[in-house]
Amino acid sequence: MLQINGKTKTCGLIGCPVEHTLSPLIHNTLSEHMGLNMVYVPFHVERENVEAALRGAHALSVGGLNVTVPHKSAVIPYLKEIDPLAEKIGAVNTLVPVEGGYKGYNTDMTGLQRAMESEGIAIAGKEAILLGAGGASRAVAFMLTAKGAEKVYMLNRSQDKAQMVAGEVNKAMGCEKVIAMSLEGYKELTGKKYLCIQGTSVGLYPDCRRAVIEDEAFYELVEVAVDLIYKPAETRFMSLCKAAGAKAYNGLKMLLYQGIIAYELWNDVQVSDELAEKIYEMMKEETKIEG
Ligand code: ATR
C-alpha cells in the first residue's frame with residue numbers, strides 16, 4: 001500500500017479532459033511494484049493555463065509530467081529543452097525535470113516503437129501503409145521514417161492534408177519517403193505485403209462498426225497491422241486484417257509503453273518485461289467494454 005510521506009515524489013498528467021486516463025493505473029502500479037516513493041495524479045489544466053501550469057509544476061518540484069490532449073504542442077514554447085525527434089514531430093507527451101524547468105519527449109512514438117518491437121514487428125527496411133494524416137498519423141510518419149522505413153504510403157480521406165503532412169515530414173527528415181495518397185491509393189500498390197498502421201479515428205468506441213477502408217482487396221496487402229485505437233480491443237479494421245490472414249494488434253501496448261518509458265525517464269530505472277505484462281493485463285481489464 002502506498003505510503004505518502006515527506007519524501008514522496010509527485011508526478012502527474014496535465015490535459016483537458018483527464019478524467020478517463022489510464023496513466024494513474026500504470027504509474028502507481030509501477031511504483032507499488034518497484035517500491036518507489038512516487039505518486040501520480042491527474043491535473044485538469046485549461047488551455048489558457050498551460051504556461052502557468054508548467055511554471056507552477058516546476059515551482060512545486062513536480063518530478064515529472066505527462067501531457068495529453070489538447071496541450072501536446074501548446075507546452076513546447078514553455079520547455080527548457082526538447083528531444084530532437086519530439087521537436088520535429090512538434091508534440092510532446094512527457095516532461096522530465098531539468099535545471100530551471102522541463103525537457104520534453106515524445107514517448108507516444110518511442111512507446112509505439114517498443115510495443116512493435118515486443119510483438120516482433122520490424123520497421124527498418126519495410127514499406128508501410130499509414131492510414132490517416134491527423135496528429136497521431138503525422139507523429140507515426142516521423143517515427144517510421146526515423147526508424148528506417150523504406151517508404152510510407154500515407155492514405156487519407158482528404159488527400160491535400162496528406163500531401164501537406166507528407167511534405168512536412170519529408171522536409172524535416174531530409175527524405176522523400178512519405179508519399180501522400182487518397183484512401184483509394186492502395187489500388188496502385190500491388191504485388192507485395194505491407195506493414196500497416198491505422199491512425200484514423202474511424203472505428204473508435206462507441207462507433208465500433210466502421211473501418212476506414214472496407215474493401216477486402218485492401219486487406220490482402222497487409223502483412224501485419226497496428227491500430228492505434230485500443231477501445232474496442234478488436235476494431236473492425238483488425239477483424240478485416242485477420243480475416244485476410246494478417247496479424248493485427250491494437251494500441252494498448254503503445255499506451256502501456258509510452259507510460260513505461262516516461263516512468264523510466266523520471267526515475268532512472270528499467271521496468272522488467274514481467275511487470276510490463278502485469279500492467280498490460282490490468283489495462284486490458286480496465287478497457288473492457290461492459291455488456
Ligand atoms: P488525431 O490527432 O487523433 O490524429 P485528427 O487530427 O482529428 O485526430 O485526425 C483524424 C484522422 O482520422 C484524419 O486522418 C481524418 O481524415 P481527414 O484528414 O480527411 O479528416 C481521419 N478520419 C476521421 N473520420 C473519418 C472518416 N469518417 N473517414 C475517413 N477518415 C476519417
# chains A, B, ... in the order shown; residues from 1 in each chain; ligands from 1

$ closest_atom_pairs --of "chain A" --to "ligand 1" --cutoff "10 Å" --atoms "only C-alpha atoms and all ligand atoms" --output "Markdown table"
| residue | atom | partner | partner_atom_place_in_ligand_line | distance |
| --- | --- | --- | --- | --- |
| A:Val69 | CA | ligand 1 | 2 (O) | 8.6 |
| A:Pro70 | CA | ligand 1 | 2 (O) | 9.2 |
| A:Leu130 | CA | ligand 1 | 14 (O) | 9.8 |
| A:Leu131 | CA | ligand 1 | 14 (O) | 7.0 |
| A:Gly132 | CA | ligand 1 | 14 (O) | 3.4 |
| A:Ala133 | CA | ligand 1 | 14 (O) | 4.0 |
| A:Gly134 | CA | ligand 1 | 6 (O) | 3.3 |
| A:Gly135 | CA | ligand 1 | 2 (O) | 3.6 |
| A:Ala136 | CA | ligand 1 | 4 (O) | 3.8 |
| A:Ser137 | CA | ligand 1 | 4 (O) | 5.7 |
| A:Arg138 | CA | ligand 1 | 4 (O) | 7.4 |
| A:Ala139 | CA | ligand 1 | 4 (O) | 8.7 |
| A:Val140 | CA | ligand 1 | 4 (O) | 9.8 |
| A:Met154 | CA | ligand 1 | 14 (O) | 9.4 |
| A:Leu155 | CA | ligand 1 | 14 (O) | 8.3 |
| A:Asn156 | CA | ligand 1 | 19 (O) | 5.5 |
| A:Arg157 | CA | ligand 1 | 19 (O) | 3.8 |
| A:Ser158 | CA | ligand 1 | 19 (O) | 3.9 |
| A:Gln159 | CA | ligand 1 | 19 (O) | 7.2 |
| A:Asp160 | CA | ligand 1 | 18 (O) | 8.5 |
| A:Lys161 | CA | ligand 1 | 18 (O) | 5.9 |
| A:Ala162 | CA | ligand 1 | 18 (O) | 7.2 |
| A:Ser182 | CA | ligand 1 | 19 (O) | 9.1 |
| A:Leu183 | CA | ligand 1 | 29 (C) | 7.9 |
| A:Gln198 | CA | ligand 1 | 12 (O) | 9.2 |
| A:Gly199 | CA | ligand 1 | 4 (O) | 6.3 |
| A:Thr200 | CA | ligand 1 | 12 (O) | 3.4 |
| A:Ser201 | CA | ligand 1 | 12 (O) | 4.6 |
| A:Val202 | CA | ligand 1 | 24 (N) | 5.4 |
| A:Gly203 | CA | ligand 1 | 27 (N) | 9.0 |
| A:Leu204 | CA | ligand 1 | 24 (N) | 9.8 |
| A:Arg210 | CA | ligand 1 | 27 (N) | 8.6 |
| A:Ala211 | CA | ligand 1 | 28 (N) | 8.3 |
| A:Val212 | CA | ligand 1 | 29 (C) | 5.3 |
| A:Ile213 | CA | ligand 1 | 29 (C) | 8.1 |
| A:Leu228 | CA | ligand 1 | 3 (O) | 9.1 |
| A:Ile229 | CA | ligand 1 | 3 (O) | 9.5 |

$ select_by_dssp --residues "region 99-195 of chain A" --states "strand (DSSP E or B)" --output "list in words"
Gly101, Tyr102, Lys103, Gly104, Tyr105, Glu127, Ala128, Ile129, Leu130, Leu131, Lys151, Val152, Tyr153, Met154, Leu155, Asn156, Val178, Ile179, Ala180, Met181, Ser182, Tyr194 and Leu195 of chain A

$ atom_distance --atom1 "CA of Val165 (chain A)" --atom2 "CA of Ala122 (chain A)"
23.6 Å

$ atom_distance --atom1 "CA of Ala124 (chain A)" --atom2 "CA of Gly104 (chain A)"
25.5 Å

$ residues_around --residues "region 75-82 of chain A" --least-positions-apart "3" --cutoff "6 Å" --atoms "only C-alpha atoms" --output "list of chain:residue names"
A:His71, A:Gly101, A:Tyr102, A:Lys103, A:Gly104

$ select_by_dssp --residues "region 14-60 of chain A" --states "alpha helix (DSSP H)" --output "PyMOL selection string"
chain A and resi 23-34+50-59

$ residues_around --residues "Pro84 (chain A)" --least-positions-apart "3" --cutoff "10 Å" --atoms "only C-alpha atoms" --output "PyMOL selection string"
chain A and resi 81+87-90+104-106

$ closest_atom_pairs --of "region 2-99 of chain A" --to "region 248-261 of chain A" --cutoff "8 Å" --atoms "only C-alpha atoms" --output "CSV"
residue,atom,partner,partner_atom,distance
A:Ser23,CA,A:Gly259,CA,6.8
A:Ile26,CA,A:Gly259,CA,6.7
A:His27,CA,A:Gly259,CA,7.1

$ write_last_selection --atoms "N, CA and C atoms" --output "tab-separated table (two decimals), in the first residue's frame"
chain	number	residue	atom	x	y	z
A	23	SER	N	-3.38	6.47	-17.08
A	23	SER	CA	-2.00	6.70	-16.63
A	23	SER	C	-1.80	6.53	-15.12
A	26	ILE	N	-1.20	2.93	-14.53
A	26	ILE	CA	0.12	2.50	-14.99
A	26	ILE	C	1.19	2.90	-13.97
A	27	HIS	N	1.24	4.20	-13.65
A	27	HIS	CA	2.36	4.71	-12.85
A	27	HIS	C	2.30	4.32	-11.39

$ residues_around --residues "Asn93 (chain A)" --least-positions-apart "3" --cutoff "6 Å" --atoms "only C-alpha atoms" --output "PyMOL selection string"
chain A and resi 66-67+72+106

$ closest_residue --among "A:Ile279, A:Ala86, A:Asp273, A:Thr68" --to "Ser118 (chain A)" --atoms "only C-alpha atoms"
A:Asp273

$ closest_residue --among "A:Thr145, A:Thr21, A:Ser239, A:Asn37" --to "Met283 (chain A)" --atoms "only C-alpha atoms"
A:Thr21

$ residues_around --residues "Met143 (chain A)" --least-positions-apart "4" --cutoff "9 Å" --atoms "only C-alpha atoms" --output "list in words"
Leu85, Ile89, Met109, Thr110, Leu112, Gln113, Arg138, Ala139, Lys147, Gly148 and Ala149 of chain A

$ write_last_selection --atoms "all heavy atoms" --output "PDB file, in the first residue's frame"
ATOM      1  N   LEU A  85      13.742  14.417 -31.809  1.00  0.00           N
ATOM      2  CA  LEU A  85      12.628  13.826 -32.579  1.00  0.00           C
ATOM      3  C   LEU A  85      11.286  14.444 -32.157  1.00  0.00           C
ATOM      4  O   LEU A  85      10.447  14.749 -33.005  1.00  0.00           O
ATOM      5  CB  LEU A  85      12.591  12.295 -32.445  1.00  0.00           C
ATOM      6  CG  LEU A  85      11.539  11.610 -33.332  1.00  0.00           C
ATOM      7  CD1 LEU A  85      11.762  11.894 -34.826  1.00  0.00           C
ATOM      8  CD2 LEU A  85      11.486  10.100 -33.095  1.00  0.00           C
ATOM      9  N   ILE A  89       8.550  16.273 -34.531  1.00  0.00           N
ATOM     10  CA  ILE A  89       7.137  15.883 -34.519  1.00  0.00           C
ATOM     11  C   ILE A  89       6.275  17.085 -34.133  1.00  0.00           C
ATOM     12  O   ILE A  89       5.165  17.247 -34.628  1.00  0.00           O
ATOM     13  CB  ILE A  89       6.914  14.697 -33.540  1.00  0.00           C
ATOM     14  CG1 ILE A  89       7.662  13.449 -34.035  1.00  0.00           C
ATOM     15  CG2 ILE A  89       5.434  14.409 -33.352  1.00  0.00           C
ATOM     16  CD1 ILE A  89       7.693  12.292 -33.037  1.00  0.00           C
ATOM     17  N   MET A 109       5.603   7.958 -29.380  1.00  0.00           N
ATOM     18  CA  MET A 109       6.242   7.332 -30.546  1.00  0.00           C
ATOM     19  C   MET A 109       7.302   6.304 -30.149  1.00  0.00           C
ATOM     20  O   MET A 109       7.364   5.242 -30.748  1.00  0.00           O
ATOM     21  CB  MET A 109       6.825   8.400 -31.474  1.00  0.00           C
ATOM     22  CG  MET A 109       5.756   9.107 -32.263  1.00  0.00           C
ATOM     23  SD  MET A 109       4.647   7.944 -33.123  1.00  0.00           S
ATOM     24  CE  MET A 109       3.150   8.140 -32.178  1.00  0.00           C
ATOM     25  N   THR A 110       8.104   6.605 -29.117  1.00  0.00           N
ATOM     26  CA  THR A 110       9.041   5.568 -28.669  1.00  0.00           C
ATOM     27  C   THR A 110       8.255   4.404 -28.070  1.00  0.00           C
ATOM     28  O   THR A 110       8.676   3.250 -28.155  1.00  0.00           O
ATOM     29  CB  THR A 110      10.081   6.119 -27.669  1.00  0.00           C
ATOM     30  OG1 THR A 110       9.401   6.958 -26.735  1.00  0.00           O
ATOM     31  CG2 THR A 110      11.143   6.939 -28.373  1.00  0.00           C
ATOM     32  N   LEU A 112       5.233   3.374 -29.142  1.00  0.00           N
ATOM     33  CA  LEU A 112       4.723   2.578 -30.272  1.00  0.00           C
ATOM     34  C   LEU A 112       5.842   1.687 -30.817  1.00  0.00           C
ATOM     35  O   LEU A 112       5.639   0.507 -31.097  1.00  0.00           O
ATOM     36  CB  LEU A 112       4.173   3.495 -31.373  1.00  0.00           C
ATOM     37  CG  LEU A 112       3.772   2.804 -32.674  1.00  0.00           C
ATOM     38  CD1 LEU A 112       2.663   1.767 -32.447  1.00  0.00           C
ATOM     39  CD2 LEU A 112       3.307   3.831 -33.723  1.00  0.00           C
ATOM     40  N   GLN A 113       7.018   2.280 -30.917  1.00  0.00           N
ATOM     41  CA  GLN A 113       8.166   1.538 -31.430  1.00  0.00           C
ATOM     42  C   GLN A 113       8.490   0.352 -30.511  1.00  0.00           C
ATOM     43  O   GLN A 113       8.701  -0.766 -30.990  1.00  0.00           O
ATOM     44  CB  GLN A 113       9.331   2.513 -31.471  1.00  0.00           C
ATOM     45  CG  GLN A 113      10.576   2.007 -32.124  1.00  0.00           C
ATOM     46  CD  GLN A 113      11.751   2.865 -31.681  1.00  0.00           C
ATOM     47  OE1 GLN A 113      11.593   4.049 -31.358  1.00  0.00           O
ATOM     48  NE2 GLN A 113      12.908   2.267 -31.660  1.00  0.00           N
ATOM     49  N   ARG A 138       0.611  11.753 -38.212  1.00  0.00           N
ATOM     50  CA  ARG A 138       1.761  12.613 -38.509  1.00  0.00           C
ATOM     51  C   ARG A 138       2.962  12.175 -37.659  1.00  0.00           C
ATOM     52  O   ARG A 138       4.073  12.006 -38.171  1.00  0.00           O
ATOM     53  CB  ARG A 138       1.375  14.063 -38.199  1.00  0.00           C
ATOM     54  CG  ARG A 138       2.406  15.077 -38.551  1.00  0.00           C
ATOM     55  CD  ARG A 138       1.869  16.479 -38.249  1.00  0.00           C
ATOM     56  NE  ARG A 138       2.870  17.466 -38.572  1.00  0.00           N
ATOM     57  CZ  ARG A 138       3.923  17.745 -37.823  1.00  0.00           C
ATOM     58  NH1 ARG A 138       4.077  17.134 -36.672  1.00  0.00           N
ATOM     59  NH2 ARG A 138       4.794  18.642 -38.202  1.00  0.00           N
ATOM     60  N   ALA A 139       2.725  11.964 -36.377  1.00  0.00           N
ATOM     61  CA  ALA A 139       3.795  11.519 -35.483  1.00  0.00           C
ATOM     62  C   ALA A 139       4.311  10.143 -35.905  1.00  0.00           C
ATOM     63  O   ALA A 139       5.519   9.897 -35.906  1.00  0.00           O
ATOM     64  CB  ALA A 139       3.287  11.488 -34.040  1.00  0.00           C
ATOM     65  N   LYS A 147      12.987   5.545 -37.987  1.00  0.00           N
ATOM     66  CA  LYS A 147      13.428   4.175 -37.668  1.00  0.00           C
ATOM     67  C   LYS A 147      13.741   3.356 -38.919  1.00  0.00           C
ATOM     68  O   LYS A 147      13.820   2.130 -38.870  1.00  0.00           O
ATOM     69  CB  LYS A 147      12.380   3.454 -36.807  1.00  0.00           C
ATOM     70  CG  LYS A 147      12.175   4.096 -35.462  1.00  0.00           C
ATOM     71  CD  LYS A 147      13.460   4.106 -34.630  1.00  0.00           C
ATOM     72  CE  LYS A 147      13.458   5.241 -33.622  1.00  0.00           C
ATOM     73  NZ  LYS A 147      14.791   5.564 -33.126  1.00  0.00           N
ATOM     74  N   GLY A 148      13.872   4.026 -40.049  1.00  0.00           N
ATOM     75  CA  GLY A 148      14.418   3.349 -41.218  1.00  0.00           C
ATOM     76  C   GLY A 148      13.425   2.685 -42.153  1.00  0.00           C
ATOM     77  O   GLY A 148      13.827   1.857 -42.986  1.00  0.00           O
ATOM     78  N   ALA A 149      12.131   3.040 -42.050  1.00  0.00           N
ATOM     79  CA  ALA A 149      11.175   2.500 -43.032  1.00  0.00           C
ATOM     80  C   ALA A 149      11.614   2.944 -44.427  1.00  0.00           C
ATOM     81  O   ALA A 149      12.126   4.062 -44.603  1.00  0.00           O
ATOM     82  CB  ALA A 149       9.763   2.997 -42.736  1.00  0.00           C
TER      83      ALA A 149
END

$ closest_residue --among "A:Glu127, A:Glu168, A:Glu216, A:Glu286" --to "Lys193 (chain A)" --atoms "only C-alpha atoms"
A:Glu127
